2 protein chains.
Amino acid sequence: MAQLTGRPENAHQARLLCLLRDGGRRSRAELGDVVHLSRSKLFLELDRLVALGLVEQAGLAASRGGRRSGIVRLSGQLRFAGVDIGATSIDVAVTNGELEILGHVSAPCDVREGPTVVLDRALDMLDKLRSEGLFREIHGVGIGVPGPVSFRDGVPVVPPIMPGWDRFPVREVVGQRLGCPVLVDNDVNIMALGELHAGSARSIDDVLLVKIGTGIGCGILVKGEIYRGMSGSAGDIGHVRVDDDGPECACGNVGCLEAYFGGAALARDAMAAARSGRSPYLADRLDQGAALTAADVAAAAAAGDAAAAQMVREGGRRVGQVLAGIISFFNPGLVVIAGGVARLGHTLLAEVRSVVYQRSAPLATENLPIVLSELGDTAGVIGATRLISDHVFSAS
Amino acid sequence: MAQLTGRPENAHQARLLCLLRDGGRRSRAELGDVVHLSRSKLFLELDRLVALGLVEQAGLAASRGGRRSGIVRLSGQLRFAGVDIGATSIDVAVTNGELEILGHVSAPCDVREGPTVVLDRALDMLDKLRSEGLFREIHGVGIGVPGPVSFRDGVPVVPPIMPGWDRFPVREVVGQRLGCPVLVDNDVNIMALGELHAGSARSIDDVLLVKIGTGIGCGILVKGEIYRGMSGSAGDIGHVRVDDDGPECACGNVGCLEAYFGGAALARDAMAAARSGRSPYLADRLDQGAALTAADVAAAAAAGDAAAAQMVREGGRRVGQVLAGIISFFNPGLVVIAGGVARLGHTLLAEVRSVVYQRSAPLATENLPIVLSELGDTAGVIGATRLISDHVFSAS
DNA sequence: GAACTTCGTCCTGTAGAAAGAAAAAGATCG
DNA sequence: CGATCTTTTTCTTTCTACAGGACGAAGTTC
């Protein structure tokens, strides 16, 4: 068996690899229908990809009226890893070349423990997947972290909720440990890529993914590619002001969106509602022990607690206010709502929609779906593998 | 003399044409230093461009130590026209291939008179330039209109301040009249391109151009290209809400940015200030005759009128509020303030800067210049010619 | 089993590009 | 002023890549 030595040699090969990744295995003849190449050229490049070990033959297709055509597919040995580091958890998944998840582990982990601890944990999780026999070799790793990243350098830059990570060489460290290409990006960016690849954003050019979790951030896709802005902080909407005399925020300003509807704000409001007795459900929950979190609010709202539902509606309104402005500005083709709070589901969605459709420019909203994430917890890891596979499958 | 038959035949030729447009004439040898082509290939493509009539020889360059190299430049016959249709005026300019303005005429004209009248007027203005001997033939026209445009179709779509223009086939009509390629875009988009080509945005990838005039709009450049969004309405920030209980806006919502600081709003506030006696300068002006406009406020502020200056500061604050959110989201490398109100100059700029630098995400503002337009009234026409020349100079 | 269709492989002609040689034009230096 | 060296241009040769076609292999249909 040829070993997986390398990268595609030219743009044609890169194109073919992406077709096989996104469309799965198919016959050489079908590939010929899609690409605009002469048969001799197509076969030449395919044979080269086979020689590189990136592509392999997989039997014969059904006849289309004549001789059966040979099926080609991405090498069965190809493996990508996606690592999604959240504020309080790590997700690691391993996929094949088509980015289908072969194994996925998730573990709680506080990002504030610092890069060495957290990355060690992530690599341990990857080792666990290795020990399950899911792969022998990894051909690329994508990593998402919950803060701004210099994509070029592969390092976080002054991330507010990641003490100790500033300029830590994540890409270099992981690359050296695993001996494969590594790319690092913001977690909302890779979630947006995930939705583009396998979720609701398939084949839509300009997409916003709004993640409401511990923080509130926004992944931006322009022409199907991540838009990162001048210094890699594009999409940082958590600290947009929604009210001049709102609550103080940890960032120093007042009235920030996150001060209303981030994880901490929701927990704060939940405690208040429980103590004041406005919410029997939350009061009950509080009596049972630990402090309340955003998840409790979700549960309460789902259980029909009026105060909790009111909190969700209120938060949805605030998010809608910010989104309305951004949508007028950006005119996306789709908005995806994701993150832990997305489990609040249709209460939240309805409120966001109502505000956005009322306030945004009519032209920007007339064909604008606003939907919940299809992928949920796997959007991040899938997007991370998509990020690195785009890189590995591109001609150097 | 070879006639100007056509378009470049491949990407190399397109690249060479853009180099000659943006860098001006230069020797074949210097071109060879810049492009990554073998000498034989470079000369082959240059000779073809000469045969197409797009490029011509222009004597010999100074020696660099040996034989003198031949200078090439874009054909001296090449002419582009830029048409900037504003709410109350038309600007038409004719440029050579390097997009240097050879002639520029400006005339008041109400866009509400409808497309036939307005476009006739614009073509008359172009004829005037023709009669001055500035050109014999036009090789492309770029047109900017003050409203949303379907760039693909070359037609305005439901433009709020352009009654009668909805879906009027501007590109087709002008194209047939002049027999050359025509592109139509939003006026702020072409202004952004103008600043990219010849103004403060040279060589900056991600740029916002905020135009404050009759309306308030925003041109967006991503990687040096206009970002238009899903339905061509990206950048439409005039109706973002800045205050929940603000004044009513013509659009039906309340508290829109334009309701505070558009041309109409400024005129309204000026009248109020004049009548109430808060502004002696404006009261004087009002006594002299016609109704007050935004221009009067600018004059008053420049003359040191306190009430007018206060209006400008107030408006700048509102603009800054909206921009702060957008800048956090978009993380541009430069923000340019343009439009008639930009003549308010540094009072306005200082207020916008103050709000933005205080409120936007620190990472997004740490290296963010916010400047006034360098080009002023010519940004639109220059950008329009840039738009069409990019099209004409691209391989079909 | 004959005729037709589709697919894979091989071969050849052509176009395009790279590399080099030679010529042209100019600079430098004695 | 002439010899020599540089730089640029032009011309020629060589090489590679690709398109297109021919042909055999494999399948289907009747």
# chains A, B, ... in the order shown; residues from 1 in each chain; ligands from 1
>>> interface_residues(of="chain B", to="chain A", cutoff="9 Å", atoms="only C-alpha atoms", output="PyMOL selection string")
chain B and resi 148+157-158+205-206+218+220+222+227-241+243+253+321-322+324-334+358-361+363-364+367-368
>>> closest_atom_pairs(of="chain C", to="chain B", cutoff="6 Å", atoms="only C-alpha atoms (C1' of nucleotides)", output="Markdown table")
| residue | atom | partner | partner_atom | distance |
| --- | --- | --- | --- | --- |
| C:DA25 | C1' | B:Arg67 | CA | 4.5 |
| C:DG26 | C1' | B:Arg67 | CA | 4.8 |
| C:DA27 | C1' | B:Gly65 | CA | 5.7 |
>>> closest_residue(among="D:DA19, D:DC30, D:DC11, D:DA3", to="chain B", atoms="only C-alpha atoms (C1' of nucleotides)")
D:DC11
>>> closest_atom_pairs(of="chain D", to="chain B", cutoff="10 Å", atoms="only C-alpha atoms (C1' of nucleotides)", output="Markdown table")
| residue | atom | partner | partner_atom | distance |
| --- | --- | --- | --- | --- |
| D:DC5 | C1' | B:Gly66 | CA | 9.2 |
| D:DT6 | C1' | B:Gly66 | CA | 4.8 |
| D:DT7 | C1' | B:Gly66 | CA | 3.8 |
| D:DT8 | C1' | B:Arg67 | CA | 5.2 |
| D:DT9 | C1' | B:Ser69 | CA | 8.3 |
| D:DT10 | C1' | B:Ser40 | CA | 9.6 |
>>> select_by_dssp(residues="stretch 19-149 of chain B", states="helix (DSSP H, G or I)", output="VMD selection string")
chain B and resid 19 to 23 28 to 34 39 to 52 111 to 113 115 to 131
>>> write_last_selection(atoms="N, CA and C atoms", output="tab-separated table (two decimals), in the first residue's frame")
chain	number	residue	atom	x	y	z
B	19	LEU	N	-1.54	45.87	-13.54
B	19	LEU	CA	-0.27	46.46	-13.10
B	19	LEU	C	-0.02	47.78	-13.81
B	20	LEU	N	-0.30	47.81	-15.11
B	20	LEU	CA	-0.08	49.04	-15.86
B	20	LEU	C	-1.09	50.12	-15.46
B	21	ARG	N	-2.29	49.70	-15.10
B	21	ARG	CA	-3.29	50.68	-14.67
B	21	ARG	C	-2.89	51.29	-13.33
B	22	ASP	N	-2.52	50.42	-12.38
B	22	ASP	CA	-2.30	50.90	-11.02
B	22	ASP	C	-0.91	51.50	-10.82
B	23	GLY	N	0.07	51.02	-11.62
B	23	GLY	CA	1.43	51.52	-11.44
B	23	GLY	C	1.88	52.44	-12.55
B	28	ARG	N	9.45	47.05	-19.92
B	28	ARG	CA	9.20	45.62	-19.96
B	28	ARG	C	10.07	44.91	-18.94
B	29	ALA	N	11.29	45.37	-18.79
B	29	ALA	CA	12.20	44.73	-17.84
B	29	ALA	C	11.69	44.86	-16.41
B	30	GLU	N	11.16	46.05	-16.05
B	30	GLU	CA	10.61	46.24	-14.71
B	30	GLU	C	9.40	45.35	-14.48
B	31	LEU	N	8.57	45.23	-15.51
B	31	LEU	CA	7.44	44.32	-15.39
B	31	LEU	C	7.92	42.90	-15.11
B	32	GLY	N	9.01	42.54	-15.80
B	32	GLY	CA	9.56	41.20	-15.60
B	32	GLY	C	10.00	40.97	-14.16
B	33	ASP	N	10.46	42.05	-13.51
B	33	ASP	CA	10.86	41.88	-12.11
B	33	ASP	C	9.67	41.60	-11.22
B	34	VAL	N	8.50	42.15	-11.60
B	34	VAL	CA	7.32	42.05	-10.73
B	34	VAL	C	6.58	40.74	-10.94
B	39	ARG	N	10.80	35.20	-19.31
B	39	ARG	CA	10.91	36.35	-20.21
B	39	ARG	C	10.15	36.13	-21.50
B	40	SER	N	10.29	34.93	-22.04
B	40	SER	CA	9.64	34.69	-23.33
B	40	SER	C	8.13	34.81	-23.19
B	41	LYS	N	7.61	34.25	-22.10
B	41	LYS	CA	6.16	34.32	-21.88
B	41	LYS	C	5.69	35.77	-21.70
B	42	LEU	N	6.43	36.51	-20.90
B	42	LEU	CA	6.06	37.91	-20.67
B	42	LEU	C	6.00	38.69	-21.98
B	43	PHE	N	7.04	38.51	-22.80
B	43	PHE	CA	7.07	39.27	-24.05
B	43	PHE	C	5.97	38.82	-24.99
B	44	LEU	N	5.70	37.52	-24.98
B	44	LEU	CA	4.62	37.00	-25.82
B	44	LEU	C	3.30	37.68	-25.45
B	45	GLU	N	3.00	37.69	-24.16
B	45	GLU	CA	1.71	38.26	-23.73
B	45	GLU	C	1.67	39.76	-23.97
B	46	LEU	N	2.78	40.43	-23.74
B	46	LEU	CA	2.80	41.88	-23.99
B	46	LEU	C	2.56	42.16	-25.47
B	47	ASP	N	3.21	41.39	-26.34
B	47	ASP	CA	3.03	41.60	-27.77
B	47	ASP	C	1.58	41.37	-28.16
B	48	ARG	N	0.96	40.39	-27.51
B	48	ARG	CA	-0.45	40.14	-27.82
B	48	ARG	C	-1.32	41.30	-27.37
B	49	LEU	N	-0.99	41.84	-26.20
B	49	LEU	CA	-1.77	42.98	-25.72
B	49	LEU	C	-1.61	44.17	-26.66
B	50	VAL	N	-0.40	44.33	-27.19
B	50	VAL	CA	-0.18	45.39	-28.17
B	50	VAL	C	-1.03	45.12	-29.41
B	51	ALA	N	-1.05	43.86	-29.86
B	51	ALA	CA	-1.85	43.51	-31.03
B	51	ALA	C	-3.33	43.75	-30.78
B	52	LEU	N	-3.78	43.52	-29.53
B	52	LEU	CA	-5.18	43.78	-29.19
B	52	LEU	C	-5.48	45.27	-29.13
B	111	VAL	N	-32.93	62.91	-8.28
B	111	VAL	CA	-33.06	61.53	-8.73
B	111	VAL	C	-34.53	61.13	-8.84
B	112	ARG	N	-35.39	61.87	-8.16
B	112	ARG	CA	-36.82	61.52	-8.18
B	112	ARG	C	-37.49	61.85	-9.51
B	113	GLU	N	-36.75	62.53	-10.39
B	113	GLU	CA	-37.33	62.78	-11.71
B	113	GLU	C	-37.43	61.51	-12.55
B	115	PRO	N	-35.75	57.53	-13.96
B	115	PRO	CA	-34.57	57.04	-14.67
B	115	PRO	C	-34.38	57.62	-16.06
B	116	THR	N	-35.44	57.76	-16.82
B	116	THR	CA	-35.24	58.25	-18.19
B	116	THR	C	-34.66	59.66	-18.17
B	117	VAL	N	-35.27	60.54	-17.41
B	117	VAL	CA	-34.78	61.91	-17.34
B	117	VAL	C	-33.35	61.95	-16.82
B	118	VAL	N	-33.11	61.27	-15.71
B	118	VAL	CA	-31.80	61.36	-15.07
B	118	VAL	C	-30.71	60.75	-15.94
B	119	LEU	N	-30.99	59.59	-16.53
B	119	LEU	CA	-29.96	58.97	-17.36
B	119	LEU	C	-29.71	59.79	-18.61
B	120	ASP	N	-30.77	60.39	-19.16
B	120	ASP	CA	-30.58	61.29	-20.30
B	120	ASP	C	-29.64	62.43	-19.93
B	121	ARG	N	-29.92	63.01	-18.77
B	121	ARG	CA	-29.07	64.10	-18.31
B	121	ARG	C	-27.61	63.63	-18.21
B	122	ALA	N	-27.42	62.46	-17.63
B	122	ALA	CA	-26.05	61.95	-17.46
B	122	ALA	C	-25.38	61.74	-18.82
B	123	LEU	N	-26.15	61.20	-19.78
B	123	LEU	CA	-25.56	60.96	-21.09
B	123	LEU	C	-25.27	62.28	-21.80
B	124	ASP	N	-26.12	63.28	-21.55
B	124	ASP	CA	-25.83	64.61	-22.10
B	124	ASP	C	-24.51	65.14	-21.56
B	125	MET	N	-24.31	64.93	-20.24
B	125	MET	CA	-23.07	65.42	-19.63
B	125	MET	C	-21.87	64.71	-20.24
B	126	LEU	N	-22.06	63.42	-20.51
B	126	LEU	CA	-20.97	62.67	-21.14
B	126	LEU	C	-20.72	63.21	-22.54
B	127	ASP	N	-21.79	63.54	-23.25
B	127	ASP	CA	-21.64	64.10	-24.60
B	127	ASP	C	-20.89	65.43	-24.56
B	128	LYS	N	-21.15	66.19	-23.50
B	128	LYS	CA	-20.44	67.47	-23.37
B	128	LYS	C	-18.94	67.19	-23.27
B	129	LEU	N	-18.58	66.19	-22.47
B	129	LEU	CA	-17.16	65.86	-22.35
B	129	LEU	C	-16.60	65.37	-23.69
B	130	ARG	N	-17.45	64.65	-24.41
B	130	ARG	CA	-17.01	64.18	-25.73
B	130	ARG	C	-16.75	65.37	-26.65
B	131	SER	N	-17.65	66.35	-26.59
B	131	SER	CA	-17.50	67.51	-27.48
B	131	SER	C	-16.27	68.33	-27.13
>>> residues_around(residues="C:DG20", least_positions_apart="5", cutoff="10 Å", atoms="only C-alpha atoms (C1' of nucleotides)", output="number ranges by chain")
D: 12-14
>>> residues_around(residues="stretch 259-276 of chain B", least_positions_apart="6", cutoff="10 Å", atoms="only C-alpha atoms (C1' of nucleotides)", output="number ranges by chain")
B: 212-216, 238-243, 246-251, 253, 282-287, 291-298, 300, 307-308, 311-312, 314-319, 340-341
>>> write_last_selection(atoms="C-alpha atoms", output="PDB file, in the first residue's frame")
ATOM      1  CA  ILE B 212     -23.257  60.560   5.534  1.00  0.00           C
ATOM      2  CA  GLY B 213     -25.308  62.585   3.121  1.00  0.00           C
ATOM      3  CA  THR B 214     -28.976  62.637   2.307  1.00  0.00           C
ATOM      4  CA  GLY B 215     -28.957  59.087   3.572  1.00  0.00           C
ATOM      5  CA  ILE B 216     -26.410  57.165   5.581  1.00  0.00           C
ATOM      6  CA  GLY B 238     -29.157  54.133   7.836  1.00  0.00           C
ATOM      7  CA  HIS B 239     -32.042  52.447   9.571  1.00  0.00           C
ATOM      8  CA  VAL B 240     -30.238  50.773  12.408  1.00  0.00           C
ATOM      9  CA  ARG B 241     -31.941  51.773  15.627  1.00  0.00           C
ATOM     10  CA  VAL B 242     -29.900  53.916  17.989  1.00  0.00           C
ATOM     11  CA  ASP B 243     -32.591  54.681  20.532  1.00  0.00           C
ATOM     12  CA  GLY B 246     -36.214  58.236  19.225  1.00  0.00           C
ATOM     13  CA  PRO B 247     -37.937  60.222  16.498  1.00  0.00           C
ATOM     14  CA  GLU B 248     -40.043  58.528  13.869  1.00  0.00           C
ATOM     15  CA  CYS B 249     -38.320  57.741  10.602  1.00  0.00           C
ATOM     16  CA  ALA B 250     -39.688  57.787   7.071  1.00  0.00           C
ATOM     17  CA  CYS B 251     -39.067  54.036   6.959  1.00  0.00           C
ATOM     18  CA  ASN B 253     -39.553  52.434  12.449  1.00  0.00           C
ATOM     19  CA  LEU B 282     -28.971  79.825  11.498  1.00  0.00           C
ATOM     20  CA  ALA B 283     -31.719  82.302  12.359  1.00  0.00           C
ATOM     21  CA  ASP B 284     -29.888  84.882  10.266  1.00  0.00           C
ATOM     22  CA  ARG B 285     -29.588  82.469   7.430  1.00  0.00           C
ATOM     23  CA  LEU B 286     -33.252  81.569   7.624  1.00  0.00           C
ATOM     24  CA  ASP B 287     -34.238  85.231   7.443  1.00  0.00           C
ATOM     25  CA  ALA B 291     -35.116  76.777   3.868  1.00  0.00           C
ATOM     26  CA  LEU B 292     -32.139  75.543   5.817  1.00  0.00           C
ATOM     27  CA  THR B 293     -30.204  72.450   4.790  1.00  0.00           C
ATOM     28  CA  ALA B 294     -27.400  70.315   6.143  1.00  0.00           C
ATOM     29  CA  ALA B 295     -24.941  72.567   4.314  1.00  0.00           C
ATOM     30  CA  ASP B 296     -26.103  75.508   6.438  1.00  0.00           C
ATOM     31  CA  VAL B 297     -25.389  73.544   9.573  1.00  0.00           C
ATOM     32  CA  ALA B 298     -21.894  72.831   8.318  1.00  0.00           C
ATOM     33  CA  ALA B 300     -22.738  77.490  10.968  1.00  0.00           C
ATOM     34  CA  ALA B 307     -25.876  75.228  18.604  1.00  0.00           C
ATOM     35  CA  ALA B 308     -24.760  73.951  15.203  1.00  0.00           C
ATOM     36  CA  MET B 311     -25.855  69.254  16.548  1.00  0.00           C
ATOM     37  CA  VAL B 312     -22.778  67.950  14.795  1.00  0.00           C
ATOM     38  CA  GLU B 314     -24.711  64.872  18.767  1.00  0.00           C
ATOM     39  CA  GLY B 315     -24.892  63.375  15.272  1.00  0.00           C
ATOM     40  CA  GLY B 316     -21.325  62.174  15.462  1.00  0.00           C
ATOM     41  CA  ARG B 317     -22.157  60.428  18.698  1.00  0.00           C
ATOM     42  CA  ARG B 318     -25.068  58.596  17.090  1.00  0.00           C
ATOM     43  CA  VAL B 319     -22.975  57.560  14.122  1.00  0.00           C
ATOM     44  CA  GLY B 340     -21.446  65.977   2.205  1.00  0.00           C
ATOM     45  CA  VAL B 341     -21.519  65.968   5.970  1.00  0.00           C
TER      46      VAL B 341
END
>>> select_by_dssp(residues="stretch 68-225 of chain B", states="strand (DSSP E or B)", output="PyMOL selection string")
chain B and resi 70-74+80-85+89-95+101-108+141-145+149-150+155-156+182-186+207-212+216-222+225
>>> write_last_selection(atoms="C-alpha atoms", output="compact mmCIF listing (two decimals), in the first residue's frame")
# COMPACT_ATOMS: atom_id res chain seq x y z
CA GLY B 70 11.19 49.43 -24.00
CA ILE B 71 8.45 51.19 -22.06
CA VAL B 72 4.90 49.91 -22.33
CA ARG B 73 1.73 51.63 -21.21
CA LEU B 74 -1.99 51.24 -21.52
CA PHE B 80 -13.56 54.91 -19.00
CA ALA B 81 -16.52 56.89 -17.76
CA GLY B 82 -17.70 57.10 -14.18
CA VAL B 83 -21.22 58.22 -13.39
CA ASP B 84 -22.15 59.00 -9.81
CA ILE B 85 -25.85 59.60 -9.42
CA SER B 89 -26.76 65.67 -8.19
CA ILE B 90 -24.99 63.88 -11.00
CA ASP B 91 -21.24 63.63 -11.44
CA VAL B 92 -19.74 62.38 -14.66
CA ALA B 93 -16.04 61.95 -15.28
CA VAL B 94 -13.93 60.53 -18.07
CA THR B 95 -10.58 58.91 -17.35
CA ILE B 101 -9.55 62.07 -14.50
CA LEU B 102 -9.40 63.92 -17.83
CA GLY B 103 -12.66 65.77 -17.41
CA HIS B 104 -15.29 66.01 -14.71
CA VAL B 105 -18.69 67.71 -14.79
CA SER B 106 -21.18 67.98 -11.99
CA ALA B 107 -24.77 69.16 -12.11
CA PRO B 108 -27.69 69.30 -9.72
CA VAL B 141 -18.95 52.86 -17.91
CA GLY B 142 -19.43 52.44 -14.18
CA ILE B 143 -22.59 53.84 -12.64
CA GLY B 144 -23.36 54.44 -8.99
CA VAL B 145 -26.92 55.01 -7.81
CA VAL B 149 -28.80 47.41 -6.64
CA SER B 150 -28.92 43.90 -7.97
CA VAL B 155 -30.92 47.21 -11.91
CA PRO B 156 -31.95 49.07 -8.75
CA VAL B 182 -21.63 48.92 -18.20
CA LEU B 183 -21.81 48.00 -14.53
CA VAL B 184 -24.18 49.45 -11.98
CA ASP B 185 -23.64 49.48 -8.24
CA ASN B 186 -24.62 51.26 -5.09
CA VAL B 207 -12.38 48.71 4.61
CA LEU B 208 -15.58 50.45 5.61
CA LEU B 209 -16.63 53.63 3.89
CA VAL B 210 -19.36 55.44 5.76
CA LYS B 211 -21.17 58.01 3.70
CA ILE B 212 -23.26 60.56 5.53
CA ILE B 216 -26.41 57.16 5.58
CA GLY B 217 -24.81 54.14 3.99
CA CYS B 218 -21.73 52.04 4.23
CA GLY B 219 -19.55 50.54 1.52
CA ILE B 220 -17.78 47.34 2.49
CA LEU B 221 -14.54 46.03 1.02
CA VAL B 222 -13.46 42.48 1.85
CA GLU B 225 -13.44 43.65 -3.29
>>> residues_around(residues="D:DC15", least_positions_apart="3", cutoff="12 Å", atoms="only C-alpha atoms (C1' of nucleotides)", output="list in words")
DG16, DA17, DA18 and DA19 of chain C
>>> atom_distance(atom1="atom CA of B:Gln13", atom2="atom CA of A:Ala395")
23.2 Å
>>> atom_distance(atom1="atom CA of B:Gly380", atom2="atom CA of B:Glu56")
28.6 Å
>>> atom_distance(atom1="atom CA of A:Ala192", atom2="atom CA of A:Ile226")
7.9 Å
>>> residues_around(residues="C:DG13", least_positions_apart="6", cutoff="12 Å", atoms="only C-alpha atoms (C1' of nucleotides)", output="list in words")
DC18, DA19, DG20 and DG21 of chain D
>>> residues_around(residues="C:DG30", least_positions_apart="5", cutoff="12 Å", atoms="only C-alpha atoms (C1' of nucleotides)", output="ChimeraX atom specification")
/D:1-4
>>> decode(residues="stretch 324-336 of chain B", atoms="N, CA and C atoms", output="mmCIF file, in the first residue's frame")
data_model
loop_
_atom_site.group_PDB
_atom_site.id
_atom_site.type_symbol
_atom_site.label_atom_id
_atom_site.label_comp_id
_atom_site.auth_asym_id
_atom_site.auth_seq_id
_atom_site.Cartn_x
_atom_site.Cartn_y
_atom_site.Cartn_z
ATOM 1 N N ALA B 324 -19.598 51.658 16.319
ATOM 2 C CA ALA B 324 -18.908 50.875 17.342
ATOM 3 C C ALA B 324 -19.314 49.409 17.250
ATOM 4 N N GLY B 325 -20.617 49.168 17.125
ATOM 5 C CA GLY B 325 -21.083 47.791 17.008
ATOM 6 C C GLY B 325 -20.578 47.137 15.739
ATOM 7 N N ILE B 326 -20.659 47.871 14.654
ATOM 8 C CA ILE B 326 -20.270 47.298 13.365
ATOM 9 C C ILE B 326 -18.775 47.005 13.329
ATOM 10 N N ILE B 327 -17.999 47.871 13.959
ATOM 11 C CA ILE B 327 -16.549 47.674 13.948
ATOM 12 C C ILE B 327 -16.157 46.463 14.801
ATOM 13 N N SER B 328 -16.836 46.287 15.930
ATOM 14 C CA SER B 328 -16.587 45.081 16.719
ATOM 15 C C SER B 328 -16.875 43.844 15.880
ATOM 16 N N PHE B 329 -17.942 43.930 15.105
ATOM 17 C CA PHE B 329 -18.353 42.789 14.292
ATOM 18 C C PHE B 329 -17.427 42.559 13.112
ATOM 19 N N PHE B 330 -17.043 43.632 12.443
ATOM 20 C CA PHE B 330 -16.374 43.482 11.153
ATOM 21 C C PHE B 330 -14.860 43.588 11.244
ATOM 22 N N ASN B 331 -14.370 44.235 12.286
ATOM 23 C CA ASN B 331 -12.923 44.370 12.493
ATOM 24 C C ASN B 331 -12.189 44.835 11.236
ATOM 25 N N PRO B 332 -12.552 45.999 10.718
ATOM 26 C CA PRO B 332 -11.910 46.484 9.492
ATOM 27 C C PRO B 332 -10.509 47.008 9.755
ATOM 28 N N GLY B 333 -9.771 47.242 8.683
ATOM 29 C CA GLY B 333 -8.441 47.815 8.814
ATOM 30 C C GLY B 333 -8.443 49.328 8.662
ATOM 31 N N LEU B 334 -9.572 49.860 8.248
ATOM 32 C CA LEU B 334 -9.675 51.308 8.037
ATOM 33 C C LEU B 334 -11.151 51.675 7.929
ATOM 34 N N VAL B 335 -11.489 52.828 8.494
ATOM 35 C CA VAL B 335 -12.836 53.370 8.313
ATOM 36 C C VAL B 335 -12.697 54.759 7.699
ATOM 37 N N VAL B 336 -13.388 54.979 6.604
ATOM 38 C CA VAL B 336 -13.351 56.285 5.934
ATOM 39 C C VAL B 336 -14.722 56.934 6.077
#
